[in-house]
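Enquirer: See run_38.csv below, with CSV, C-alpha atoms.
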```csv
chain,number,residue,atom,x,y,z
Q,25,MET,CA,-6.8,14.5,45.8
Q,26,ILE,CA,-8.0,17.0,43.2
Q,27,ALA,CA,-4.8,16.4,41.1
Q,28,SER,CA,-5.1,12.7,41.5
Q,29,THR,CA,-8.7,12.8,40.3
Q,30,ALA,CA,-7.8,15.0,37.3
Q,31,ASP,CA,-5.0,12.6,36.4
Q,32,GLY,CA,-7.4,9.7,36.6
Q,33,THR,CA,-9.9,11.5,34.4
Q,34,GLY,CA,-7.2,12.3,31.9
Q,35,GLN,CA,-6.0,8.7,31.8
Q,36,GLY,CA,-9.6,7.4,31.4
Q,37,ARG,CA,-10.2,9.8,28.5
Q,38,ALA,CA,-7.0,8.7,26.9
Q,39,ALA,CA,-7.9,5.1,27.2
Q,40,THR,CA,-11.3,5.7,25.7
Q,41,LEU,CA,-9.7,7.6,22.7
Q,42,ASP,CA,-7.1,4.8,22.2
Q,43,ARG,CA,-9.8,2.1,22.2
Q,44,LEU,CA,-11.9,4.1,19.7
Q,45,GLY,CA,-8.9,4.6,17.4
Q,46,ALA,CA,-8.1,0.9,17.5
Q,47,ALA,CA,-11.8,0.0,16.9
Q,48,VAL,CA,-11.9,2.3,13.9
Q,49,ILE,CA,-8.9,0.5,12.4
Q,50,ALA,CA,-10.5,-2.9,13.0
Q,51,ALA,CA,-13.6,-1.7,11.1
Q,52,LEU,CA,-11.6,-0.7,8.0
Q,53,PRO,CA,-12.6,-3.8,5.9
Q,54,ALA,CA,-16.3,-3.2,6.5
Q,55,CYS,CA,-16.0,0.5,5.8
Q,56,MET,CA,-14.2,-0.1,2.5
Q,57,ALA,CA,-16.9,-2.7,1.4
Q,58,VAL,CA,-19.6,0.0,1.9
Q,59,ALA,CA,-17.6,2.9,0.4
Q,60,ASN,CA,-14.5,1.7,-1.5
Q,61,ARG,CA,-12.6,5.0,-1.3
Q,62,SER,CA,-13.2,5.4,2.5
Q,63,SER,CA,-9.9,4.2,3.8
Q,64,PRO,CA,-8.2,7.7,4.0
Q,65,VAL,CA,-11.2,9.0,6.1
Q,66,VAL,CA,-11.2,5.9,8.3
Q,67,VAL,CA,-7.4,5.8,8.8
Q,68,GLY,CA,-7.3,9.6,9.3
Q,69,LEU,CA,-10.0,9.4,11.9
Q,70,ALA,CA,-8.2,6.6,13.7
Q,71,GLY,CA,-5.0,8.6,13.6
Q,72,LEU,CA,-6.6,11.7,15.1
Q,73,LEU,CA,-8.2,9.7,17.9
Q,74,LEU,CA,-4.9,8.0,18.7
Q,75,LEU,CA,-3.1,11.3,18.6
Q,76,ALA,CA,-5.7,12.8,21.0
Q,77,GLY,CA,-5.3,9.8,23.3
Q,78,ALA,CA,-1.5,10.1,23.3
Q,79,ALA,CA,-1.8,13.8,24.1
Q,80,ALA,CA,-4.3,13.2,26.9
Q,81,SER,CA,-2.2,10.5,28.5
Q,82,GLY,CA,0.9,12.6,28.4
Q,83,ARG,CA,2.9,10.2,26.3
Q,84,PRO,CA,6.0,11.8,24.6
Q,85,LEU,CA,4.7,12.8,21.2
Q,86,ARG,CA,8.1,14.0,20.1
Q,87,ALA,CA,9.6,10.6,20.7
Q,88,LEU,CA,6.7,8.8,19.1
Q,89,ILE,CA,6.2,10.9,16.0
Q,90,VAL,CA,9.1,13.3,15.4
Q,91,ALA,CA,12.1,11.2,16.5
Q,92,PRO,CA,11.6,8.4,13.9
Q,93,LEU,CA,11.9,11.0,11.1
Q,94,ALA,CA,15.5,11.8,12.2
Q,95,THR,CA,16.6,8.2,11.6
Q,96,PRO,CA,18.3,7.2,8.3
Q,97,LEU,CA,15.0,5.7,7.1
Q,98,GLY,CA,13.0,8.7,8.1
Q,99,LEU,CA,15.4,11.1,6.5
Q,100,ALA,CA,15.4,9.1,3.3
Q,101,ALA,CA,11.6,9.1,3.2
Q,102,LEU,CA,11.5,12.9,3.9
Q,103,ALA,CA,14.1,13.4,1.1
Q,104,PHE,CA,11.8,11.5,-1.3
Q,105,LEU,CA,8.8,13.6,-0.4
Q,106,ALA,CA,11.0,16.7,-0.7
Q,107,TRP,CA,11.9,15.7,-4.3
Q,108,CYS,CA,8.2,15.2,-5.0
Q,109,ALA,CA,7.6,18.8,-3.9
Q,110,VAL,CA,10.6,20.2,-5.7
Q,111,SER,CA,9.4,18.6,-9.0
Q,112,LEU,CA,6.4,20.8,-8.8
Q,113,ALA,CA,8.7,23.6,-10.0
Q,114,TRP,CA,9.0,22.1,-13.5
Q,115,SER,CA,5.6,20.3,-13.7
Q,116,PRO,CA,3.8,21.5,-16.9
Q,117,LEU,CA,0.5,20.7,-15.1
Q,118,PRO,CA,0.9,22.5,-11.7
Q,119,GLY,CA,-2.8,22.4,-10.9
Q,120,LEU,CA,-2.9,18.6,-11.4
Q,121,SER,CA,0.3,18.1,-9.4
Q,122,LEU,CA,-1.0,20.1,-6.5
Q,123,ARG,CA,-4.4,18.4,-6.6
Q,124,THR,CA,-2.7,15.0,-6.5
Q,125,LEU,CA,-0.4,16.1,-3.7
Q,126,SER,CA,-3.4,17.4,-1.7
Q,127,GLU,CA,-5.0,14.0,-1.8
Q,128,PHE,CA,-1.9,12.0,-1.1
Q,129,LEU,CA,-0.4,14.0,1.8
Q,130,PRO,CA,-3.4,13.8,4.2
Q,131,ALA,CA,-3.7,10.1,3.5
Q,132,LEU,CA,0.1,9.7,4.2
Q,133,LEU,CA,-0.2,11.7,7.4
Q,134,GLY,CA,-3.0,9.6,8.7
Q,135,ALA,CA,-1.2,6.4,7.7
Q,136,TYR,CA,1.9,7.6,9.6
Q,137,LEU,CA,0.0,8.5,12.7
Q,138,VAL,CA,-1.7,5.1,12.8
Q,139,ALA,CA,1.5,3.2,12.1
Q,140,ARG,CA,3.3,5.0,14.9
Q,141,LEU,CA,0.5,5.3,17.5
Q,142,ALA,CA,-1.8,2.3,17.0
Q,143,PRO,CA,0.4,-0.8,17.8
Q,144,PRO,CA,0.2,-0.7,21.6
Q,145,HIS,CA,-3.6,-0.8,21.3
Q,146,LEU,CA,-4.4,-3.1,18.4
Q,147,ALA,CA,-3.7,-6.5,20.0
Q,148,ARG,CA,-6.8,-6.0,22.1
Q,149,VAL,CA,-9.0,-5.7,19.0
Q,150,ALA,CA,-7.4,-8.4,16.9
Q,151,LYS,CA,-10.3,-10.8,17.6
Q,152,PRO,CA,-13.1,-8.5,16.5
Q,153,ALA,CA,-10.9,-7.2,13.6
Q,154,ALA,CA,-10.6,-10.8,12.3
Q,155,TRP,CA,-14.4,-11.4,12.6
Q,156,ILE,CA,-15.0,-8.1,10.8
Q,157,LEU,CA,-12.6,-9.1,8.0
Q,158,ALA,CA,-14.2,-12.6,7.8
Q,159,VAL,CA,-17.8,-11.3,7.7
Q,160,THR,CA,-16.8,-8.7,5.1
Q,161,GLY,CA,-15.2,-11.4,3.0
Q,162,ALA,CA,-18.3,-13.6,3.3
Q,163,TYR,CA,-20.5,-10.6,2.3
Q,164,VAL,CA,-18.3,-10.1,-0.8
Q,165,VAL,CA,-18.6,-13.8,-1.8
Q,166,ALA,CA,-22.4,-13.8,-1.2
Q,167,ASP,CA,-23.0,-10.6,-3.2
Q,168,LEU,CA,-20.9,-11.8,-6.1
Q,169,ALA,CA,-22.7,-15.2,-6.1
Q,170,SER,CA,-26.1,-13.5,-6.1
Q,171,GLY,CA,-25.3,-11.2,-9.0
Q,172,LEU,CA,-24.8,-8.2,-6.8
Q,173,VAL,CA,-28.3,-8.0,-5.6
Q,174,ILE,CA,-27.2,-6.7,-2.2
Q,175,ARG,CA,-25.4,-3.8,-3.8
Q,176,GLU,CA,-28.4,-3.1,-5.9
Q,177,ALA,CA,-30.8,-3.2,-2.9
Q,178,LEU,CA,-28.5,-0.8,-1.1
Q,179,GLY,CA,-28.5,1.6,-4.1
Q,180,GLN,CA,-24.8,1.2,-4.7
Q,181,ARG,CA,-23.1,0.8,-8.1
Q,182,VAL,CA,-23.8,-2.6,-9.5
Q,183,ALA,CA,-20.3,-3.6,-10.7
Q,184,ALA,CA,-18.2,-6.5,-9.6
Q,185,PHE,CA,-15.0,-4.4,-9.8
Q,186,ALA,CA,-16.4,-2.2,-7.0
Q,187,PHE,CA,-15.1,-4.8,-4.6
Q,188,ASN,CA,-11.5,-4.6,-5.9
Q,189,ARG,CA,-10.3,-1.8,-3.6
Q,190,PRO,CA,-11.8,-3.3,-0.4
Q,191,LEU,CA,-10.2,-6.7,-1.3
Q,192,LEU,CA,-6.8,-5.1,-1.9
Q,193,VAL,CA,-6.9,-3.3,1.4
Q,194,MET,CA,-8.0,-6.5,3.1
Q,195,MET,CA,-5.2,-8.3,1.4
Q,196,LEU,CA,-2.7,-5.9,2.9
Q,197,THR,CA,-4.0,-6.3,6.4
Q,198,VAL,CA,-4.7,-10.0,6.4
Q,199,PHE,CA,-1.0,-11.0,6.6
Q,200,PRO,CA,-0.1,-9.3,9.8
Q,201,LEU,CA,-3.6,-9.7,11.4
Q,202,VAL,CA,-3.5,-13.5,10.9
Q,203,ALA,CA,0.0,-13.6,12.3
Q,204,VAL,CA,-1.0,-11.6,15.4
Q,205,LEU,CA,-3.9,-14.0,15.9
Q,206,ALA,CA,-1.6,-17.1,15.5
Q,207,ALA,CA,1.0,-15.6,17.8
Q,208,SER,CA,-1.7,-15.0,20.4
Q,209,GLY,CA,-3.0,-18.6,20.3
Q,210,ARG,CA,-6.1,-17.9,18.2
Q,211,ARG,CA,-5.0,-20.2,15.4
Q,212,GLY,CA,-8.6,-21.3,14.5
Q,213,LEU,CA,-9.7,-17.7,14.0
Q,214,ALA,CA,-6.5,-17.0,12.1
Q,215,ALA,CA,-7.2,-19.9,9.7
Q,216,LEU,CA,-10.8,-18.8,9.2
Q,217,ALA,CA,-9.8,-15.2,8.3
Q,218,ALA,CA,-7.2,-16.4,5.9
Q,219,LEU,CA,-9.6,-18.9,4.3
Q,220,VAL,CA,-12.4,-16.4,3.8
Q,221,MET,CA,-10.0,-13.9,2.4
Q,222,ALA,CA,-8.7,-16.4,-0.1
Q,223,VAL,CA,-12.2,-17.4,-1.2
Q,224,ALA,CA,-13.3,-13.8,-1.5
Q,225,ALA,CA,-10.3,-13.0,-3.7
Q,226,TRP,CA,-10.8,-16.1,-5.8
Q,227,ARG,CA,-14.5,-15.3,-6.4
Q,228,SER,CA,-13.8,-11.7,-7.2
Q,229,VAL,CA,-12.6,-10.1,-10.5
Q,230,SER,CA,-9.5,-8.7,-8.8
Q,231,GLY,CA,-6.6,-10.5,-10.3
Q,232,ALA,CA,-4.3,-8.2,-8.4
Q,233,THR,CA,-5.7,-9.4,-5.1
Q,234,VAL,CA,-5.2,-13.1,-6.0
Q,235,LEU,CA,-1.7,-12.3,-7.2
Q,236,GLY,CA,-0.8,-10.4,-4.1
Q,237,LEU,CA,-2.1,-13.1,-1.8
Q,238,ALA,CA,-0.3,-15.8,-3.7
Q,239,THR,CA,3.0,-13.9,-3.8
Q,240,GLY,CA,2.8,-13.0,-0.1
Q,241,ALA,CA,2.0,-16.6,0.9
Q,242,LEU,CA,4.8,-18.0,-1.3
Q,243,THR,CA,7.3,-15.4,0.0
Q,244,PHE,CA,6.3,-16.2,3.6
Q,245,GLY,CA,7.0,-19.9,3.1
Q,246,VAL,CA,10.4,-19.2,1.4
Q,247,VAL,CA,11.7,-16.7,3.9
Q,248,ARG,CA,10.6,-18.9,6.9
Q,249,ALA,CA,12.7,-21.7,5.4
Q,250,VAL,CA,15.9,-19.8,4.8
Q,251,PRO,CA,18.3,-17.7,7.1
Q,252,ALA,CA,17.1,-14.2,7.9
Q,253,ARG,CA,19.7,-12.5,5.7
Q,254,ALA,CA,18.9,-14.7,2.7
Q,255,GLY,CA,15.2,-14.0,3.1
Q,256,ILE,CA,15.8,-10.2,3.2
Q,257,GLY,CA,18.1,-10.5,0.2
Q,258,PHE,CA,15.6,-12.5,-1.8
Q,259,VAL,CA,12.8,-9.9,-1.3
Q,260,GLY,CA,15.1,-7.0,-1.7
Q,261,ALA,CA,16.5,-8.3,-4.9
Q,262,ALA,CA,13.0,-8.8,-6.4
Q,263,LEU,CA,11.8,-5.3,-5.4
Q,264,LEU,CA,15.0,-3.5,-6.4
Q,265,GLY,CA,15.0,-5.4,-9.7
Q,266,ALA,CA,11.4,-4.3,-10.4
Q,267,LEU,CA,12.4,-0.7,-9.7
Q,268,VAL,CA,15.6,-0.8,-11.7
Q,269,LEU,CA,14.1,-2.6,-14.7
Q,270,ALA,CA,10.8,-0.6,-14.8
Q,271,PRO,CA,11.8,1.7,-17.6
Q,272,VAL,CA,12.6,-1.2,-19.9
Q,273,GLU,CA,9.8,-3.5,-18.7
Q,274,GLY,CA,7.6,-2.9,-21.8
Q,275,ASP,CA,10.4,-3.8,-24.2
Q,276,LEU,CA,11.4,-6.8,-22.2
Q,277,LEU,CA,7.9,-8.1,-22.1
Q,278,ALA,CA,7.2,-7.4,-25.7
Q,279,ARG,CA,10.2,-9.6,-26.6
Q,280,ALA,CA,9.5,-12.3,-24.0
Q,281,MET,CA,5.8,-12.9,-24.2
Q,282,PRO,CA,4.6,-15.0,-27.1
Q,283,ASP,CA,1.1,-14.5,-28.7
Q,284,ALA,CA,-0.1,-17.7,-27.2
Q,285,LEU,CA,0.5,-16.4,-23.7
Q,286,HIS,CA,-1.2,-13.1,-24.5
Q,287,GLN,CA,-4.3,-15.0,-25.7
Q,288,ARG,CA,-4.3,-17.1,-22.6
Q,289,LEU,CA,-4.2,-14.0,-20.4
Q,290,ALA,CA,-6.6,-12.0,-22.5
Q,291,ALA,CA,-8.8,-11.2,-19.4
Q,292,SER,CA,-5.8,-9.4,-17.9
Q,293,SER,CA,-5.3,-7.1,-20.9
Q,294,THR,CA,-1.7,-8.1,-21.2
Q,295,ARG,CA,-1.2,-6.6,-24.7
Q,296,ALA,CA,-2.5,-3.2,-23.5
Q,297,ARG,CA,-0.3,-3.4,-20.4
Q,298,VAL,CA,2.8,-4.1,-22.4
Q,299,ALA,CA,1.9,-1.2,-24.7
Q,300,ILE,CA,1.4,1.1,-21.8
Q,301,ALA,CA,4.8,0.1,-20.3
Q,302,ARG,CA,6.5,0.6,-23.6
Q,303,SER,CA,5.0,4.1,-23.9
Q,304,PHE,CA,6.0,5.3,-20.5
Q,305,GLY,CA,9.4,3.6,-20.8
Q,306,ALA,CA,10.0,5.6,-23.9
Q,307,ALA,CA,9.1,8.8,-22.0
Q,308,VAL,CA,11.6,7.9,-19.3
Q,309,ALA,CA,14.3,7.4,-21.9
Q,310,ALA,CA,13.5,10.8,-23.4
Q,311,ASP,CA,13.8,12.5,-20.0
Q,312,PRO,CA,15.5,10.2,-17.5
Q,313,TRP,CA,17.0,12.6,-15.0
Q,314,ARG,CA,14.3,14.7,-13.4
Q,315,GLY,CA,11.1,13.3,-14.8
Q,316,ALA,CA,8.0,15.2,-15.9
Q,317,GLY,CA,6.9,16.3,-12.4
Q,318,TYR,CA,4.9,14.8,-9.6
Q,319,GLY,CA,1.4,13.7,-10.3
Q,320,THR,CA,1.5,14.3,-14.1
Q,321,SER,CA,0.7,10.7,-15.1
Q,322,ALA,CA,-3.0,11.5,-15.2
Q,323,ARG,CA,-2.5,13.7,-18.2
Q,324,PHE,CA,0.9,12.5,-19.4
Q,325,GLN,CA,0.0,12.9,-23.0
Q,326,ASP,CA,0.1,16.6,-22.4
Q,327,VAL,CA,3.6,16.9,-20.9
Q,328,PRO,CA,6.4,18.2,-23.2
Q,329,VAL,CA,8.3,14.9,-23.2
Q,330,ALA,CA,5.3,13.2,-24.9
Q,331,ALA,CA,6.0,15.1,-28.1
Q,332,ARG,CA,9.5,13.7,-28.2
Q,333,ILE,CA,8.6,10.1,-28.5
Q,334,GLU,CA,7.3,8.1,-31.5
Q,335,PRO,CA,3.7,8.9,-32.5
Q,336,ASP,CA,2.6,5.3,-32.2
Q,337,LEU,CA,3.8,5.3,-28.6
Q,338,ARG,CA,1.9,8.4,-27.5
Q,339,VAL,CA,-1.6,6.9,-27.6
Q,340,MET,CA,-1.1,4.9,-24.4
Q,341,LEU,CA,0.1,7.9,-22.4
Q,342,ALA,CA,-3.5,8.9,-22.1
Q,343,VAL,CA,-4.5,5.9,-19.9
Q,344,GLY,CA,-4.1,7.9,-16.6
Q,345,HIS,CA,-1.0,6.1,-15.1
Q,346,PRO,CA,1.5,3.4,-16.2
Q,347,HIS,CA,-0.2,0.7,-14.1
Q,348,ASN,CA,3.2,0.2,-12.5
Q,349,THR,CA,4.2,2.3,-9.4
Q,350,PHE,CA,7.9,1.8,-10.1
Q,351,LEU,CA,7.6,3.0,-13.6
Q,352,GLN,CA,5.4,6.0,-12.5
Q,353,VAL,CA,8.1,7.1,-10.1
Q,354,TRP,CA,10.7,7.0,-13.0
Q,355,ALA,CA,8.3,8.9,-15.4
Q,356,GLU,CA,7.4,11.6,-12.9
Q,357,LEU,CA,10.5,11.9,-10.7
Q,358,GLY,CA,13.3,10.6,-12.8
Q,359,VAL,CA,16.5,8.9,-11.7
Q,360,VAL,CA,16.7,11.0,-8.5
Q,361,GLY,CA,13.2,9.9,-7.4
Q,362,ALA,CA,13.9,6.3,-8.3
Q,363,GLY,CA,17.2,6.4,-6.4
Q,364,LEU,CA,15.6,7.9,-3.3
Q,365,ALA,CA,12.8,5.2,-3.5
Q,366,ALA,CA,15.5,2.5,-3.7
Q,367,LEU,CA,17.2,4.0,-0.7
Q,368,VAL,CA,14.0,3.9,1.3
Q,369,LEU,CA,13.5,0.3,0.4
Q,370,VAL,CA,17.0,-0.7,1.3
Q,371,LEU,CA,16.8,1.0,4.7
Q,372,THR,CA,13.5,-0.6,5.4
Q,373,LEU,CA,14.9,-4.0,4.7
Q,374,ARG,CA,17.9,-3.3,6.9
Q,375,ALA,CA,15.6,-2.3,9.7
Q,376,LEU,CA,13.7,-5.6,9.4
Q,377,GLY,CA,16.8,-7.5,10.2
Q,378,ALA,CA,16.4,-6.6,13.9
Q,379,TRP,CA,12.8,-7.9,14.0
Q,380,PRO,CA,11.8,-11.3,15.6
Q,381,GLY,CA,11.4,-14.1,13.1
Q,382,LEU,CA,7.6,-14.3,12.6
Q,383,ALA,CA,7.3,-10.5,12.4
Q,384,ARG,CA,10.2,-10.3,9.9
Q,385,SER,CA,8.8,-13.0,7.7
Q,386,THR,CA,5.3,-11.5,7.8
Q,387,ALA,CA,6.8,-8.1,6.9
Q,388,LEU,CA,8.7,-9.5,4.0
Q,389,ALA,CA,5.6,-11.3,2.8
Q,390,LEU,CA,3.6,-8.1,3.0
Q,391,LEU,CA,6.3,-6.2,1.1
Q,392,ALA,CA,6.3,-8.8,-1.6
Q,393,ALA,CA,2.5,-8.8,-1.9
Q,394,ALA,CA,2.3,-5.0,-1.9
Q,395,GLY,CA,5.2,-4.8,-4.4
Q,396,VAL,CA,3.7,-7.2,-6.9
Q,397,VAL,CA,0.4,-5.3,-6.8
Q,398,ALA,CA,2.2,-2.0,-7.3
Q,399,PHE,CA,4.0,-3.6,-10.2
Q,400,VAL,CA,0.7,-4.5,-12.1
Q,401,GLU,CA,-2.1,-2.4,-10.7
Q,402,HIS,CA,-2.9,1.2,-9.6
Q,403,GLY,CA,-1.3,4.6,-9.6
Q,404,ALA,CA,1.5,5.5,-7.1
Q,405,TRP,CA,-0.3,8.2,-5.1
Q,406,GLN,CA,-3.8,6.9,-4.7
Q,407,ALA,CA,-5.0,7.8,-1.2
Q,408,TRP,CA,-7.0,4.7,-0.6
Q,409,TRP,CA,-4.0,2.5,-1.1
Q,410,THR,CA,-1.7,4.7,1.0
Q,411,ALA,CA,-4.1,4.6,3.9
Q,412,GLY,CA,-4.4,0.8,3.6
Q,413,VAL,CA,-0.6,0.4,3.7
Q,414,GLY,CA,-0.6,2.5,6.9
Q,415,ALA,CA,-3.1,0.2,8.5
Q,416,ALA,CA,-1.1,-2.9,7.5
Q,417,ILE,CA,2.1,-1.4,8.9
Q,418,ALA,CA,0.3,-0.7,12.2
Q,419,TRP,CA,-0.7,-4.4,12.4
Q,420,LEU,CA,2.9,-5.4,11.5
Q,421,ARG,CA,4.3,-3.3,14.3
Q,422,THR,CA,1.7,-4.8,16.6
Q,423,LEU,CA,3.0,-8.2,15.6
Q,424,ALA,CA,6.5,-7.2,16.4
Q,425,ARG,CA,5.4,-6.1,19.9
Q,426,VAL,CA,3.5,-9.3,20.5
Q,427,THR,CA,6.4,-11.6,19.5
Q,428,SER,CA,9.2,-9.8,21.2
Q,429,PRO,CA,9.6,-8.0,24.5
Q,430,ALA,CA,12.1,-5.6,22.9
Q,431,PRO,CA,10.6,-2.6,21.0
Q,432,GLU,CA,10.9,-3.0,17.2
Q,433,LYS,CA,13.0,-0.5,15.2
Q,434,LEU,CA,10.6,0.3,12.3
```
Take the structure in the file and give it back as C-alpha cells.
Expert:
Amino acid sequence: MIASTADGTGQGRAATLDRLGAAVIAALPACMAVANRSSPVVVGLAGLLLLAGAAASGRPLRALIVAPLATPLGLAALAFLAWCAVSLAWSPLPGLSLRTLSEFLPALLGAYLVARLAPPHLARVAKPAAWILAVTGAYVVADLASGLVIREALGQRVAAFAFNRPLLVMMLTVFPLVAVLAASGRRGLAALAALVMAVAAWRSVSGATVLGLATGALTFGVVRAVPARAGIGFVGAALLGALVLAPVEGDLLARAMPDALHQRLAASSTRARVAIARSFGAAVAADPWRGAGYGTSARFQDVPVAARIEPDLRVMLAVGHPHNTFLQVWAELGVVGAGLAALVLVLTLRALGAWPGLARSTALALLAAAGVVAFVEHGAWQAWWTAGVGAAIAWLRTLARVTSPAPEKL
C-alpha cells in the first residue's frame, strides 16, 4: 500500500511537471513579445521541467535523450559541434569565441531537451497555445497601429523593430502548431492563428518574417502536390544550393542585380547586403579550409585573414556577422564545417522520408522558412533563434505523433 501510494505521488508529480513544461512552451510567443530575447530562458525552463517530469515518472532518459545522439544524424550533429569546439584552438579572439559558445550551448541544450521530451505533452496545450499566439499577434498589430503607445506605457523600448524577434519565433512555431490544430479537427482556430500571424507579419517592419511565412506556405503547397521524394529533393536542393554557393553569393548578386532593383528594394538595404556578402566571401576565399574560428564574426575585421583581402572589402567585415548563416559557417568553420553542416541537412531530410505526409510537408515548409530567414537575416549562433527552433521542432514531433500511430524517427 505504501509503495503504491508513493508510486501514485511520483506519477502525479511527474504529470504536474509535464503539464507545466508544456504550458511554458505554449506561452513562448507572449514571453517574447514582452522580452524579445527571452526564448532561451523560456525554452530552458520548459526543458528542465520536462526533464524533471521524465525522471519522476521513471521514463527511460537514456533512450529519450542519449540514444538519438548515437544515430547517424546525432553523430553528424555532434561532429559539427566538435569542430566548432576544435576551431577555438586557432581562433584569434578566444574570449569572444568562448563567450559566443557560452550563450549558444545552453540554448541548444534547452532546445534539445524540449524537442525530445515535450511532444507527448504538447497536443493537450495546442488550443491555448494557438490562442496565446493569436492574442500576441493581435497585440503586435494594435501596438504598431497606435504608434507603439502600449510599449511606451509599459516602459519598454519604443521601436517597431523590437517586435522582429518575437515575430520570427512565432513564424517558426506557427507552421507545426496550425498543422496540429488542423489534424485534431480545430480547423477554425488553425485558420485564425494563421491569419493573425500573417497580418502581424505584414504590419511589422520584419521583412524576414514575411519572407519566411511566404516561403514556408509556398513550399508546403508545392511538396503536398508532388511525390514525397520529389518534395524532399526540392527543399534539399534549395538548402544545399544556398550552402554551397554562399561564398560566392555576393559576387553573383553584384552581377545579377540591376540598379533599378536595388532602388526598388532600398528599404531592405540590398546594396549593403551585397557588399557584406562580397567581403565575407573574399575572406572565405582567402582561408577556405578551416575558417577563422567559431564566433569570430562579431569582430571579423580583427582576424588575420581580414588583412589578406582588398582594403575596399574590409570595411563591411565590421558589421557583426554576414547576415547569412550559411556564409558565416564558411567564414568561421571553413569547408570542414560547411561539409558537416551539409551532412546534418542531408541526414535530416532522409529521416523525414519516414514521416507521415502532413508532418513531412510541414517539416519541409518549416525547413524552407527557417532556411530563407537564415539566408538573409541574423547570426548563426544567436540563442533566441536556437531556442525558437527547438520549440518549433517540438511542435513538429507532436504533429508526427498526432498523425501517425508509429513513433517518428527524428
Enquirer: Quick one: of Q:Leu388, Q:Ala306, Q:Ala241, Q:Ala91, who's nearest to Ala375 in chain Q, counting all atoms listed in the file?
Expert: Q:Leu388
Enquirer: Nearest to Gly179 in chain Q among Q:Ala59, Q:Trp226, Q:Leu120, Q:Ala366, with distances taken over only C-alpha atoms: which residue is it?
Expert: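 Counting only C-alpha atoms, the residue closest to Gly179 in chain Q is Q:Ala59.
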Enquirer: Determine, counting all atoms listed in the file, which protein, DNA and RNA residues have an atom within 12 Å of an atom of Leu99 in chain Q; residues of the same chain fewer than 5 positions away are not included. Present the result as a ChimeraX atom specification.
Expert: /Q:90-94,104-106,364-365,367-368,371-372
Enquirer: Leaving out range 73-83 of chain Q and any residue of its chain fewer than 6 positions from it, which residues lie within 10 Å of it when counting only C-alpha atoms, given as a short mmCIF file (atom, residue, chain, number, x, y, z; two decimals) with C-alpha atoms, in the coordinates of the input?
Expert:
```
data_model
loop_
_atom_site.label_atom_id
_atom_site.label_comp_id
_atom_site.auth_asym_id
_atom_site.auth_seq_id
_atom_site.Cartn_x
_atom_site.Cartn_y
_atom_site.Cartn_z
CA ASP Q 31 -5.00 12.60 36.40
CA GLY Q 32 -7.40 9.70 36.60
CA THR Q 33 -9.90 11.50 34.40
CA GLY Q 34 -7.20 12.30 31.90
CA GLN Q 35 -6.00 8.70 31.80
CA GLY Q 36 -9.60 7.40 31.40
CA ARG Q 37 -10.20 9.80 28.50
CA ALA Q 38 -7.00 8.70 26.90
CA ALA Q 39 -7.90 5.10 27.20
CA THR Q 40 -11.30 5.70 25.70
CA LEU Q 41 -9.70 7.60 22.70
CA ASP Q 42 -7.10 4.80 22.20
CA ARG Q 43 -9.80 2.10 22.20
CA LEU Q 44 -11.90 4.10 19.70
CA GLY Q 45 -8.90 4.60 17.40
CA ALA Q 46 -8.10 0.90 17.50
CA VAL Q 48 -11.90 2.30 13.90
CA VAL Q 67 -7.40 5.80 8.80
CA ILE Q 89 6.20 10.90 16.00
CA LEU Q 137 0.00 8.50 12.70
CA VAL Q 138 -1.70 5.10 12.80
CA ARG Q 140 3.30 5.00 14.90
CA LEU Q 141 0.50 5.30 17.50
CA ALA Q 142 -1.80 2.30 17.00
CA HIS Q 145 -3.60 -0.80 21.30
#
```
Enquirer: CA of Ala113 in chain Q and CA of Tyr318 in chain Q are how many Å apart?
Expert: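 Distance reported for this atom pair: 9.6 Å.
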Enquirer: Which one of Q:Phe199, Q:Phe244, Q:Trp114, Q:Tyr163 sits closest to Gly381 in chain Q if you count only C-alpha atoms?
Expert: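 When distances to Gly381 in chain Q are compared using only C-alpha atoms, the smallest one comes from Q:Phe244.
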